file protein.cif (mmCIF, C-alpha atoms and all ligand atoms)
data_target
loop_
_atom_site.label_atom_id
_atom_site.label_comp_id
_atom_site.auth_asym_id
_atom_site.auth_seq_id
_atom_site.Cartn_x
_atom_site.Cartn_y
_atom_site.Cartn_z
CA MET A 1 14.00 105.73 200.55
CA ARG A 2 11.39 107.88 202.22
CA THR A 3 12.87 106.98 205.62
CA SER A 4 16.38 108.00 204.65
CA PHE A 5 15.10 111.28 203.21
CA LEU A 6 13.22 112.00 206.42
CA ARG A 7 16.24 111.04 208.49
CA THR A 8 18.45 113.43 206.54
CA LEU A 9 15.87 116.18 206.95
CA PHE A 10 15.68 115.46 210.67
CA PHE A 11 19.43 115.85 211.19
CA MET A 12 19.53 119.01 209.07
CA LEU A 13 16.79 120.56 211.16
CA LEU A 14 18.31 119.39 214.42
CA ALA A 15 21.69 120.81 213.46
CA ASN A 16 20.05 124.09 212.50
CA SER A 17 18.14 124.26 215.75
CA ILE A 18 21.03 123.55 218.10
CA LEU A 19 24.39 124.25 216.52
CA ASN A 20 25.73 126.78 214.07
CA ALA A 21 29.07 127.42 212.35
CA GLY A 22 32.05 129.15 213.93
CA GLY A 23 33.98 132.41 213.95
CA ILE A 24 36.23 134.65 216.06
CA LEU A 25 35.60 135.34 219.74
CA ASP A 26 35.47 138.91 221.07
CA ILE A 27 38.72 139.67 222.86
CA LYS A 28 38.64 142.13 225.75
CA TRP A 29 42.21 143.35 225.66
CA PRO A 30 44.08 143.94 228.90
CA GLU A 31 46.23 147.04 229.22
CA LEU A 32 49.98 146.43 229.59
CA ASN A 33 51.62 148.46 232.32
CA GLN A 34 55.05 150.02 231.72
CA ALA A 35 56.95 147.22 233.43
CA GLN A 36 55.17 144.63 231.30
CA GLN A 37 55.89 146.56 228.10
CA LYS A 38 59.55 146.77 229.04
CA ALA A 39 59.67 143.04 229.76
CA VAL A 40 58.06 142.18 226.41
CA ALA A 41 60.91 143.94 224.61
CA SER A 42 63.50 141.75 226.31
CA TYR A 43 62.10 138.35 225.42
CA PRO A 44 64.12 136.04 223.15
CA LYS A 45 63.64 136.40 219.41
CA VAL A 46 62.19 132.90 219.11
CA LEU A 47 59.28 134.11 221.22
CA SER A 48 58.81 137.65 219.91
CA GLU A 49 59.12 136.55 216.27
CA GLY A 50 57.06 133.42 216.85
CA ILE A 51 54.05 135.27 218.19
CA LYS A 52 54.24 138.47 216.16
CA GLU A 53 51.08 137.71 214.15
CA VAL A 54 49.03 136.37 217.06
CA ARG A 55 45.88 138.42 217.61
CA LEU A 56 45.06 137.36 221.15
CA PRO A 57 46.85 137.89 224.47
CA VAL A 58 49.71 135.39 224.78
CA TYR A 59 50.42 133.81 228.17
CA LEU A 60 53.47 131.87 229.34
CA SER A 61 54.77 130.86 232.74
CA SER A 62 57.36 133.40 233.84
CA SER A 63 59.91 130.64 234.48
CA TYR A 64 59.98 129.73 230.80
CA VAL A 65 59.88 133.05 228.94
CA ASP A 66 63.65 133.20 228.53
CA ASP A 67 64.09 129.62 227.35
CA GLN A 68 65.66 129.84 223.88
CA ASN A 69 64.68 126.25 223.08
CA MET A 70 60.96 126.87 222.96
CA ILE A 71 59.11 125.84 219.79
CA VAL A 72 56.43 128.26 218.65
CA VAL A 73 53.68 127.38 216.18
CA SER A 74 51.16 130.13 215.56
CA ASN A 75 49.05 132.21 213.23
CA LYS A 76 46.73 135.14 213.87
CA ASP A 77 44.14 132.90 215.58
CA PHE A 78 46.19 130.69 217.90
CA TYR A 79 49.56 129.89 219.41
CA SER A 80 51.17 126.67 220.67
CA ILE A 81 54.45 127.04 222.53
CA SER A 82 56.20 123.86 223.61
CA PHE A 83 59.20 123.10 225.78
CA LEU A 84 60.99 119.77 225.80
CA LEU A 85 61.80 119.20 229.46
CA GLU A 86 63.74 116.31 230.95
CA GLY A 87 61.21 113.43 230.66
CA ALA A 88 58.23 115.61 229.77
CA THR A 89 56.76 117.97 227.19
CA LEU A 90 55.24 121.23 228.32
CA LEU A 91 52.72 123.03 226.11
CA PHE A 92 51.09 126.48 226.37
CA GLU A 93 48.21 127.17 224.00
CA GLY A 94 45.76 129.96 223.29
CA ASP A 95 43.01 130.24 220.69
CA ARG A 96 40.52 132.94 219.70
CA THR A 97 38.28 130.85 217.43
CA TYR A 98 35.08 128.95 218.03
CA GLN A 99 33.64 126.21 215.87
CA GLU A 100 30.03 126.09 217.03
CA VAL A 101 27.45 128.42 218.52
CA VAL A 102 24.88 126.95 220.82
CA SER A 103 21.64 128.63 221.71
CA VAL A 104 21.69 130.03 225.25
CA LYS A 105 18.33 128.30 225.68
CA ASN A 106 19.93 124.88 225.22
CA SER A 107 19.69 123.43 228.72
CA GLU A 108 22.68 121.10 228.47
CA PHE A 109 25.02 123.89 227.46
CA GLN A 110 23.42 126.29 229.96
CA LYS A 111 24.56 123.89 232.67
CA ILE A 112 28.05 123.82 231.20
CA VAL A 113 28.24 127.61 231.27
CA GLN A 114 26.90 127.79 234.82
CA LYS A 115 29.62 125.40 235.94
CA LEU A 116 32.42 127.37 234.25
CA LYS A 117 35.31 127.96 236.63
CA PRO A 118 38.18 130.44 236.22
CA VAL A 119 40.51 127.49 235.76
CA GLU A 120 40.07 123.72 235.62
CA PHE A 121 42.76 121.19 236.37
CA SER A 122 42.22 117.72 234.97
CA LYS A 123 43.84 114.76 233.33
CA SER A 124 43.48 113.75 229.73
CA GLU A 125 44.96 110.40 228.73
CA GLU A 126 47.45 110.85 231.58
CA VAL A 127 48.36 114.32 230.29
CA MET A 128 47.94 116.90 233.07
CA ILE A 129 45.97 119.92 231.87
CA ALA A 130 45.02 123.38 233.12
CA GLN A 131 42.27 124.98 231.06
CA PHE A 132 41.08 128.56 231.43
CA ASN A 133 39.28 131.37 229.67
CA ARG A 134 40.65 134.92 229.85
CA HIS A 135 39.76 138.09 227.96
CA GLY A 136 37.25 135.97 226.01
CA ALA A 137 39.88 133.58 224.57
CA ASN A 138 40.55 129.97 225.55
CA TYR A 139 43.85 128.79 226.95
CA SER A 140 45.47 125.61 228.17
CA ILE A 141 48.69 124.42 229.72
CA SER A 142 49.54 120.73 229.45
CA VAL A 143 52.26 118.42 230.67
CA GLU A 144 52.86 115.06 229.02
CA CYS A 145 55.31 112.70 230.72
CA GLU A 146 57.51 109.92 229.41
CA LYS A 147 56.61 108.02 232.59
CA PRO A 148 52.98 109.07 233.03
CA GLN A 149 52.29 106.57 235.83
CA THR A 150 55.13 107.62 238.10
CA ASP A 151 56.29 111.13 237.19
CA LYS A 152 54.83 113.46 239.80
CA ARG A 153 54.37 116.19 237.19
CA CYS A 154 51.70 113.91 235.65
CA THR A 155 50.35 112.17 238.74
CA GLU A 156 49.91 115.18 241.02
CA GLU A 157 48.52 118.65 240.37
CA ALA A 158 51.22 120.64 242.15
CA PHE A 159 53.41 121.17 239.07
CA ILE A 160 50.60 122.28 236.75
CA ARG A 161 49.13 124.52 239.44
CA GLY A 162 52.53 126.13 239.84
CA LEU A 163 52.79 126.75 236.09
CA TYR A 164 49.33 128.29 235.99
CA GLY A 165 50.07 130.32 239.11
CA ASN A 166 52.92 132.22 237.48
CA ILE A 167 51.63 132.84 233.96
CA ILE A 168 52.32 136.30 232.61
CA LEU A 169 51.19 138.16 229.55
CA VAL A 170 54.03 138.12 227.02
CA GLY A 171 52.48 139.65 223.92
CA GLY A 172 49.81 139.48 221.25
CA LYS A 173 48.61 142.05 218.74
CA ARG A 174 45.26 143.81 218.88
CA MET B 175 11.96 129.64 213.26
CA ARG B 176 14.11 127.74 215.73
CA PHE B 177 11.02 126.52 217.59
CA ILE B 178 9.49 125.28 214.34
CA SER B 179 12.78 123.49 213.51
CA ILE B 180 12.82 121.69 216.85
CA PHE B 181 9.13 120.79 216.54
CA LEU B 182 9.62 119.42 213.02
CA SER B 183 12.76 117.54 214.13
CA VAL B 184 10.89 115.77 216.89
CA PHE B 185 7.95 115.00 214.58
CA ILE B 186 10.15 113.56 211.84
CA PHE B 187 12.28 111.65 214.35
CA THR B 188 9.15 109.98 215.67
CA ALA B 189 8.06 109.10 212.12
CA CYS B 190 11.52 107.70 211.30
CA SER B 191 11.81 105.70 214.49
CA GLN B 192 8.85 103.57 213.53
CA LYS B 193 10.51 102.56 210.27
CA GLU B 194 14.06 102.27 211.61
CA GLU B 195 15.96 99.05 210.89
CA LYS B 196 17.10 96.90 213.79
CA ILE B 197 20.54 97.80 215.10
CA PRO B 198 23.32 97.35 214.15
CA VAL B 199 22.94 99.09 210.80
CA ASP B 200 24.66 97.30 207.95
CA LEU B 201 25.03 99.78 205.18
CA THR B 202 27.66 98.76 202.71
CA ARG B 203 28.47 95.77 200.60
CA LYS B 204 31.86 95.61 202.34
CA GLY B 205 30.17 94.34 205.45
CA PHE B 206 30.66 97.47 207.51
CA SER B 207 28.14 97.77 210.29
CA TYR B 208 27.95 99.90 213.39
CA TYR B 209 25.86 100.52 216.43
CA PRO B 210 24.37 103.99 216.86
CA ALA B 211 26.35 106.76 218.53
CA GLY B 212 26.40 106.47 222.32
CA GLU B 213 25.64 102.72 222.48
CA LEU B 214 28.52 101.56 224.63
CA ALA B 215 29.37 97.90 225.17
CA PRO B 216 29.18 96.31 227.62
CA VAL B 217 26.57 98.36 229.48
CA THR B 218 28.86 98.38 232.51
CA SER B 219 31.37 100.44 230.53
CA GLY B 220 29.41 103.59 231.22
CA GLN B 221 26.78 105.77 229.67
CA GLY B 222 27.38 107.02 226.16
CA ARG B 223 26.04 110.18 224.57
CA LYS B 224 22.98 108.56 223.06
CA GLY B 225 20.88 110.45 220.55
CA ASP B 226 23.53 112.99 219.62
CA ASN B 227 23.96 112.22 215.94
CA TYR B 228 25.29 115.65 215.08
CA VAL B 229 28.37 115.47 212.85
CA TYR B 230 30.78 117.79 214.66
CA ALA B 231 33.54 117.47 212.05
CA PRO B 232 31.80 117.10 208.70
CA GLY B 233 33.89 116.01 205.73
CA ILE B 234 36.98 114.87 207.63
CA ARG B 235 39.14 112.11 206.25
CA PHE B 236 39.19 108.87 208.22
CA PRO B 237 42.29 109.04 210.48
CA ILE B 238 43.65 105.64 209.46
CA GLU B 239 44.92 105.45 205.91
CA SER B 240 43.30 102.16 204.91
CA ALA B 241 40.28 100.02 205.73
CA PRO B 242 39.34 97.88 207.47
CA ALA B 243 39.57 99.48 210.88
CA TYR B 244 37.59 98.60 213.98
CA LEU B 245 36.26 101.14 216.41
CA ASN B 246 35.59 99.50 219.76
CA SER B 247 36.66 99.53 223.40
CA GLN B 248 40.25 98.79 224.39
CA VAL B 249 39.43 98.61 228.07
CA TYR B 250 36.25 96.49 228.00
CA GLY B 251 37.04 94.43 224.88
CA VAL B 252 38.64 90.97 224.98
CA GLY B 253 42.02 91.20 226.72
CA GLY B 254 41.34 94.74 227.96
CA TYR B 255 42.06 95.34 231.62
CA LEU B 256 38.33 95.38 232.44
CA GLY B 257 37.25 93.07 229.63
CA PRO B 258 36.75 89.33 229.18
CA LYS B 259 39.91 87.25 229.51
CA GLY B 260 41.69 86.50 226.27
CA SER B 261 44.15 87.87 223.77
CA LEU B 262 44.08 91.51 222.73
CA CYS B 263 44.49 90.10 219.23
CA SER B 264 41.26 88.10 219.53
CA GLU B 265 39.16 88.00 216.35
CA THR B 266 36.29 89.49 218.32
CA ASN B 267 38.25 92.74 218.61
CA TYR B 268 38.93 92.82 214.89
CA ALA B 269 35.40 92.61 213.59
CA TYR B 270 32.37 94.75 212.84
CA PRO B 271 30.06 96.13 214.10
CA TRP B 272 31.67 99.26 215.48
CA HIS B 273 30.87 100.35 218.99
CA ASP B 274 31.15 103.94 220.16
CA ASN B 275 33.43 104.36 223.21
CA TYR B 276 33.32 108.15 223.71
CA CYS B 277 32.27 108.77 227.36
CA GLU B 278 33.32 105.26 228.40
CA LYS B 279 34.17 105.18 232.14
CA ARG B 280 37.61 106.67 232.79
CA SER B 281 38.60 108.28 236.03
CA LYS B 282 39.40 111.97 236.33
CA TYR B 283 38.95 112.84 232.65
CA ASN B 284 36.73 115.94 232.70
CA MET B 285 33.94 115.58 230.19
CA PRO B 286 31.13 118.13 230.31
CA LEU B 287 29.37 116.44 227.38
CA CYS B 288 29.17 113.06 229.15
CA SER B 289 26.30 112.42 231.52
CA MET B 290 28.70 111.34 234.29
CA GLY B 291 30.80 114.52 233.90
CA THR B 292 33.85 112.33 233.28
CA GLY B 293 34.74 109.72 230.69
CA HIS B 294 36.75 108.73 227.63
CA GLN B 295 37.47 111.87 225.66
CA GLY B 296 37.74 110.32 222.23
CA VAL B 297 37.44 106.96 220.54
CA ASP B 298 39.79 104.01 220.19
CA ILE B 299 40.32 102.46 216.78
CA ARG B 300 42.06 99.20 215.94
CA THR B 301 43.83 98.79 212.61
CA ALA B 302 43.16 95.98 210.09
CA THR B 303 45.31 93.46 211.95
CA CYS B 304 46.85 93.15 215.40
CA GLU B 305 50.29 94.32 214.26
CA LYS B 306 52.03 97.44 215.44
CA LYS B 307 53.93 99.85 213.20
CA LYS B 308 52.21 98.64 210.04
CA TYR B 309 49.31 101.03 209.40
CA TYR B 310 49.50 104.79 209.01
CA ALA B 311 47.47 107.40 210.80
CA VAL B 312 46.79 110.35 208.49
CA ALA B 313 45.66 113.96 208.74
CA VAL B 314 41.88 114.26 208.89
CA GLU B 315 41.96 117.76 207.41
CA ASN B 316 44.52 120.31 206.20
CA GLY B 317 46.29 121.83 209.15
CA VAL B 318 49.47 122.21 211.14
CA ILE B 319 51.20 120.01 213.71
CA THR B 320 51.12 122.06 216.90
CA SER B 321 52.72 119.65 219.33
CA ILE B 322 54.40 116.29 219.65
CA GLY B 323 54.73 114.69 223.06
CA THR B 324 55.93 111.28 224.14
CA TYR B 325 52.79 109.55 222.86
CA THR B 326 50.61 112.38 221.54
CA VAL B 327 50.62 114.19 218.20
CA GLN B 328 48.34 117.18 217.86
CA LEU B 329 47.01 118.58 214.59
CA ARG B 330 45.20 121.91 214.44
CA GLY B 331 42.95 121.83 211.41
CA ILE B 332 42.14 124.91 209.35
CA SER B 333 38.66 124.61 210.87
CA GLY B 334 40.24 125.55 214.22
CA ARG B 335 39.44 122.14 215.61
CA THR B 336 42.27 120.29 217.37
CA TYR B 337 42.73 116.57 216.72
CA ARG B 338 44.89 114.36 218.90
CA TYR B 339 46.48 111.13 217.70
CA LEU B 340 47.78 108.93 220.52
CA HIS B 341 50.02 105.87 220.69
CA LEU B 342 51.82 106.32 217.34
CA ASP B 343 55.36 104.98 217.13
CA SER B 344 57.62 107.91 218.07
CA ALA B 345 60.71 106.78 216.21
CA THR B 346 59.01 106.67 212.82
CA LEU B 347 56.83 109.79 212.95
CA LYS B 348 56.54 111.47 209.55
CA VAL B 349 55.86 114.95 210.94
CA LYS B 350 57.60 117.76 212.81
CA ARG B 351 56.26 120.52 215.02
CA GLY B 352 55.07 123.40 212.88
CA GLN B 353 54.73 121.30 209.74
CA ASN B 354 51.74 122.01 207.52
CA LEU B 355 49.86 118.91 206.44
CA ARG B 356 47.42 118.14 203.69
CA ARG B 357 44.31 116.09 204.37
CA GLY B 358 45.28 112.43 204.10
CA GLN B 359 49.01 113.03 204.61
CA ARG B 360 50.79 110.45 206.75
CA ILE B 361 51.49 111.31 210.37
CA GLY B 362 52.86 108.10 211.81
CA LEU B 363 52.41 104.39 212.39
CA VAL B 364 49.76 103.14 214.80
CA SER B 365 51.40 101.38 217.74
CA ASN B 366 51.04 100.84 221.49
CA ASN B 367 53.21 103.73 222.68
CA MET B 368 52.24 105.33 225.96
CA GLY B 369 55.64 106.31 227.23
CA SER B 370 57.16 103.87 229.68
CA THR B 371 53.93 101.84 230.02
CA PRO B 372 52.80 100.40 226.67
CA THR B 373 49.08 100.18 225.94
CA SER B 374 47.24 97.94 223.46
CA ILE B 375 47.82 98.48 219.73
CA HIS B 376 45.35 101.15 218.70
CA LEU B 377 44.85 104.75 217.72
CA HIS B 378 43.19 106.95 220.31
CA PHE B 379 41.62 109.80 218.33
CA ASP B 380 39.92 112.82 219.83
CA MET B 381 38.60 116.18 218.66
CA LYS B 382 38.52 119.39 220.66
CA GLN B 383 36.59 122.43 219.62
CA THR B 384 35.33 125.63 221.12
CA ILE B 385 31.64 126.12 221.61
CA LYS B 386 30.24 129.61 222.07
CA ILE B 387 27.23 129.99 224.34
CA GLY B 388 26.03 133.58 224.67
CA ASN B 389 29.01 135.65 225.82
CA SER B 390 30.88 132.61 227.12
CA SER B 391 32.80 129.92 225.37
CA LYS B 392 34.35 126.62 226.30
CA THR B 393 36.75 124.29 224.59
CA VAL B 394 35.51 120.71 224.89
CA PHE B 395 36.17 117.25 223.55
CA VAL B 396 33.27 116.63 221.17
CA PRO B 397 31.90 113.25 220.06
CA PRO B 398 33.90 111.95 217.07
CA TYR B 399 31.81 108.83 216.33
CA THR B 400 29.31 110.12 213.77
CA SER B 401 32.01 112.10 211.94
CA LEU B 402 34.09 108.93 211.77
CA VAL B 403 31.22 106.76 210.55
CA GLU B 404 30.72 109.20 207.66
CA ALA B 405 34.45 109.37 206.96
CA TYR B 406 34.78 105.59 207.01
CA LYS B 407 31.92 105.15 204.55
CA ARG B 408 33.68 107.53 202.19
CA LEU B 409 36.91 105.56 202.61
CA LEU B 410 35.12 102.29 201.79
CA GLN B 411 33.51 103.86 198.76
CA GLY B 412 36.92 104.84 197.46
CA HIS B 413 36.71 108.61 197.84
CA PRO B 414 38.13 109.34 201.31
ZN ZN A 501 41.32 106.18 224.08
#

call {"tool": "encode", "arguments": {"input": "protein.cif", "output": "structure tokens", "more": "lines below"}}
Ligand SMILES: [Zn+2]
result
Amino acid sequence: MRTSFLRTLFFMLLANSILNAGGILDIKWPELNQAQQKAVASYPKVLSEGIKEVRLPVYLSSSYVDDQNMIVVSNKDFYSISFLLEGATLLFEGDRTYQEVVSVKNSEFQKIVQKLKPVEFSKSEEVMIAQFNRHGANYSISVECEKPQTDKRCTEEAFIRGLYGNIILVGGKR
Amino acid sequence: MRFISIFLSVFIFTACSQKEEKIPVDLTRKGFSYYPAGELAPVTSGQGRKGDNYVYAPGIRFPIESAPAYLNSQVYGVGGYLGPKGSLCSETNYAYPWHDNYCEKRSKYNMPLCSMGTGHQGVDIRTATCEKKKYYAVAVENGVITSIGTYTVQLRGISGRTYRYLHLDSATLKVKRGQNLRRGQRIGLVSNNMGSTPTSIHLHFDMKQTIKIGNSSKTVFVPPYTSLVEAYKRLLQGHP
């Protein structure tokens, strides 16, 4: 009894000392130049309507902005835009929330921050992923293949690097 | 205040450790028992995140609709491609105690919270029996389905956390992209779907959340084990 009380107290204190609850990240908004503003106006309705409430900069690869078959799921805090390609699913995501705050003095997380790169390419359960942080928000691009062992889009980085290489800002509300 | 908290934590932990029961901990009359978070089996399967008992997703519903369910390694368990020879349906795989498998050795999977820097990004859970398309995976919290791939279904909870459910049967999914779900609502049937190359029958479940550190932030796969132990206890007690 006493042990379980102490154990509970221990975890409460540990949680309080390391992690705290979440909130909204500070977004440093980029300025849109005239050409970008003009382009935004020409995007298909499925995109402009789909992201109209999103309160973070929205990025998509330029080769997909005109695809009418995109599926947009969003609210003010995030967006997920997917494309059903031949044999693969392509997903662009952005999010302005955080779920935990860690003390800057926490050495494990200090190391994580020191190792932060502008973009990371990796695999996750054979899904190819590009993950990056821009303007203070967190973004990812992922490709999931029907044939994950043999489809080059999921076995080699060239495709995902190409997608990341031509992302453009397509909207978002301050 | 924070310093005092840490000091007290360490003090109390030391006091508790001396009275701690022998592992595994058997807590319920239903026979459920589990090894502590980060204790991977076998030891050759990698280094788990020992000592991190923080519940990253408090109050979530267990992701499989009904008990029993068995959380253990697919790769290093009986019949797994690096495990002892035998059937994937071996009784050994369908028994308590649970074993954490977050951070288990997997190549190329970036994992900043694992000591190796790579590893298994979630946990693998077997259903009550070795039968596919029989047991439902359900929403762990209220949220929206943000994507459906060949073998992945992604739920964004109202907490902002993203949960991935892998290997469900595609043909019988109960959800669509953009659909809002209630906690406990059915998503799909646990199977062995991994596109053209089937895997063993199990649910891979992972949780991604963003951690803010000073002016930076990073989205990472966090340990699900302790959250799932809590959720499973609630399920066994009849109030999932
Ligand atoms: Zn897995």

call {"tool": "residues_near_ligand", "arguments": {"input": "protein.cif", "ligand": "ligand ZN 501 (chain A)", "cutoff": "7 Å", "atoms": "only C-alpha atoms and all ligand atoms", "output": "PyMOL selection string"}}
result
chain B and resi 294+296-298+378-379

call {"tool": "atom_distance", "arguments": {"input": "protein.cif", "atom1": "atom CA of A:Leu90", "atom2": "atom CA of A:Leu60"}}
result
10.8 Å

call {"tool": "axis_aligned_box", "arguments": {"input": "protein.cif", "around": "stretch 237-249 of chain B", "padding_each_side": "5 Å", "output": "lines of an AutoDock Vina configuration file"}}
result
center_x = 40.3
center_y = 103.5
center_z = 216.5
size_x = 19.3
size_y = 21.2
size_z = 33.2

call {"tool": "closest_residue", "arguments": {"input": "protein.cif", "among": "B:Ile375, B:Val364, B:Ile387, B:Val217", "to": "A:Leu116", "atoms": "only C-alpha atoms"}}
result
B:Ile387

call {"tool": "closest_residue", "arguments": {"input": "protein.cif", "among": "A:Val119, A:Ile168, A:Leu56, A:Ala88", "to": "chain B", "atoms": "all atoms listed in the file"}}
result
A:Ala88

call {"tool": "atom_distance", "arguments": {"input": "protein.cif", "atom1": "atom CA of B:Val314", "atom2": "atom CA of A:Val113"}}
result
29.4 Å

call {"tool": "build_atoms", "arguments": {"input": "protein.cif", "residues": "stretch 67-75 of chain A", "atoms": "all heavy atoms", "output": "PDB file, in the coordinates of the input"}}
result
ATOM      1  N   ASP A  67      63.546 130.871 227.878  1.00  0.00           N
ATOM      2  CA  ASP A  67      64.090 129.620 227.350  1.00  0.00           C
ATOM      3  C   ASP A  67      64.198 129.704 225.818  1.00  0.00           C
ATOM      4  O   ASP A  67      63.187 129.766 225.113  1.00  0.00           O
ATOM      5  CB  ASP A  67      63.158 128.470 227.757  1.00  0.00           C
ATOM      6  CG  ASP A  67      63.733 127.105 227.433  1.00  0.00           C
ATOM      7  OD1 ASP A  67      64.548 127.011 226.486  1.00  0.00           O
ATOM      8  OD2 ASP A  67      63.351 126.136 228.097  1.00  0.00           O
ATOM      9  N   GLN A  68      65.427 129.696 225.332  1.00  0.00           N
ATOM     10  CA  GLN A  68      65.660 129.840 223.880  1.00  0.00           C
ATOM     11  C   GLN A  68      65.205 128.615 223.097  1.00  0.00           C
ATOM     12  O   GLN A  68      65.064 128.681 221.886  1.00  0.00           O
ATOM     13  CB  GLN A  68      67.174 130.029 223.624  1.00  0.00           C
ATOM     14  CG  GLN A  68      67.800 131.205 224.334  1.00  0.00           C
ATOM     15  CD  GLN A  68      67.657 132.495 223.540  1.00  0.00           C
ATOM     16  OE1 GLN A  68      67.179 132.496 222.409  1.00  0.00           O
ATOM     17  NE2 GLN A  68      68.044 133.609 224.146  1.00  0.00           N
ATOM     18  N   ASN A  69      64.996 127.503 223.792  1.00  0.00           N
ATOM     19  CA  ASN A  69      64.680 126.250 223.080  1.00  0.00           C
ATOM     20  C   ASN A  69      63.180 126.019 222.880  1.00  0.00           C
ATOM     21  O   ASN A  69      62.774 124.927 222.490  1.00  0.00           O
ATOM     22  CB  ASN A  69      65.274 125.058 223.824  1.00  0.00           C
ATOM     23  CG  ASN A  69      66.783 125.125 223.834  1.00  0.00           C
ATOM     24  OD1 ASN A  69      67.391 125.445 222.814  1.00  0.00           O
ATOM     25  ND2 ASN A  69      67.391 124.877 224.979  1.00  0.00           N
ATOM     26  N   MET A  70      62.402 127.038 223.149  1.00  0.00           N
ATOM     27  CA  MET A  70      60.960 126.870 222.960  1.00  0.00           C
ATOM     28  C   MET A  70      60.647 126.709 221.459  1.00  0.00           C
ATOM     29  O   MET A  70      61.393 127.184 220.598  1.00  0.00           O
ATOM     30  CB  MET A  70      60.181 128.044 223.541  1.00  0.00           C
ATOM     31  CG  MET A  70      60.370 129.344 222.818  1.00  0.00           C
ATOM     32  SD  MET A  70      59.393 130.660 223.568  1.00  0.00           S
ATOM     33  CE  MET A  70      60.401 131.204 224.940  1.00  0.00           C
ATOM     34  N   ILE A  71      59.548 126.004 221.183  1.00  0.00           N
ATOM     35  CA  ILE A  71      59.110 125.840 219.790  1.00  0.00           C
ATOM     36  C   ILE A  71      57.751 126.506 219.667  1.00  0.00           C
ATOM     37  O   ILE A  71      56.812 126.157 220.382  1.00  0.00           O
ATOM     38  CB  ILE A  71      59.010 124.347 219.419  1.00  0.00           C
ATOM     39  CG1 ILE A  71      60.375 123.674 219.614  1.00  0.00           C
ATOM     40  CG2 ILE A  71      58.526 124.161 217.982  1.00  0.00           C
ATOM     41  CD1 ILE A  71      60.290 122.199 219.889  1.00  0.00           C
ATOM     42  N   VAL A  72      57.671 127.490 218.772  1.00  0.00           N
ATOM     43  CA  VAL A  72      56.430 128.260 218.650  1.00  0.00           C
ATOM     44  C   VAL A  72      55.761 127.941 217.315  1.00  0.00           C
ATOM     45  O   VAL A  72      56.398 128.010 216.262  1.00  0.00           O
ATOM     46  CB  VAL A  72      56.711 129.778 218.740  1.00  0.00           C
ATOM     47  CG1 VAL A  72      55.410 130.564 218.711  1.00  0.00           C
ATOM     48  CG2 VAL A  72      57.523 130.114 219.984  1.00  0.00           C
ATOM     49  N   VAL A  73      54.499 127.577 217.384  1.00  0.00           N
ATOM     50  CA  VAL A  73      53.680 127.380 216.180  1.00  0.00           C
ATOM     51  C   VAL A  73      52.497 128.316 216.344  1.00  0.00           C
ATOM     52  O   VAL A  73      51.827 128.283 217.386  1.00  0.00           O
ATOM     53  CB  VAL A  73      53.184 125.923 216.051  1.00  0.00           C
ATOM     54  CG1 VAL A  73      52.386 125.739 214.772  1.00  0.00           C
ATOM     55  CG2 VAL A  73      54.343 124.933 216.113  1.00  0.00           C
ATOM     56  N   SER A  74      52.242 129.172 215.353  1.00  0.00           N
ATOM     57  CA  SER A  74      51.160 130.130 215.560  1.00  0.00           C
ATOM     58  C   SER A  74      50.645 130.674 214.229  1.00  0.00           C
ATOM     59  O   SER A  74      51.292 130.533 213.193  1.00  0.00           O
ATOM     60  CB  SER A  74      51.658 131.305 216.405  1.00  0.00           C
ATOM     61  OG  SER A  74      52.545 132.103 215.646  1.00  0.00           O
ATOM     62  N   ASN A  75      49.493 131.293 214.279  1.00  0.00           N
ATOM     63  CA  ASN A  75      49.050 132.210 213.230  1.00  0.00           C
ATOM     64  C   ASN A  75      48.210 133.267 213.938  1.00  0.00           C
ATOM     65  O   ASN A  75      48.254 133.350 215.169  1.00  0.00           O
ATOM     66  CB  ASN A  75      48.349 131.480 212.071  1.00  0.00           C
ATOM     67  CG  ASN A  75      46.982 130.919 212.429  1.00  0.00           C
ATOM     68  OD1 ASN A  75      46.352 131.331 213.404  1.00  0.00           O
ATOM     69  ND2 ASN A  75      46.513 129.978 211.633  1.00  0.00           N
TER      70      ASN A  75
END
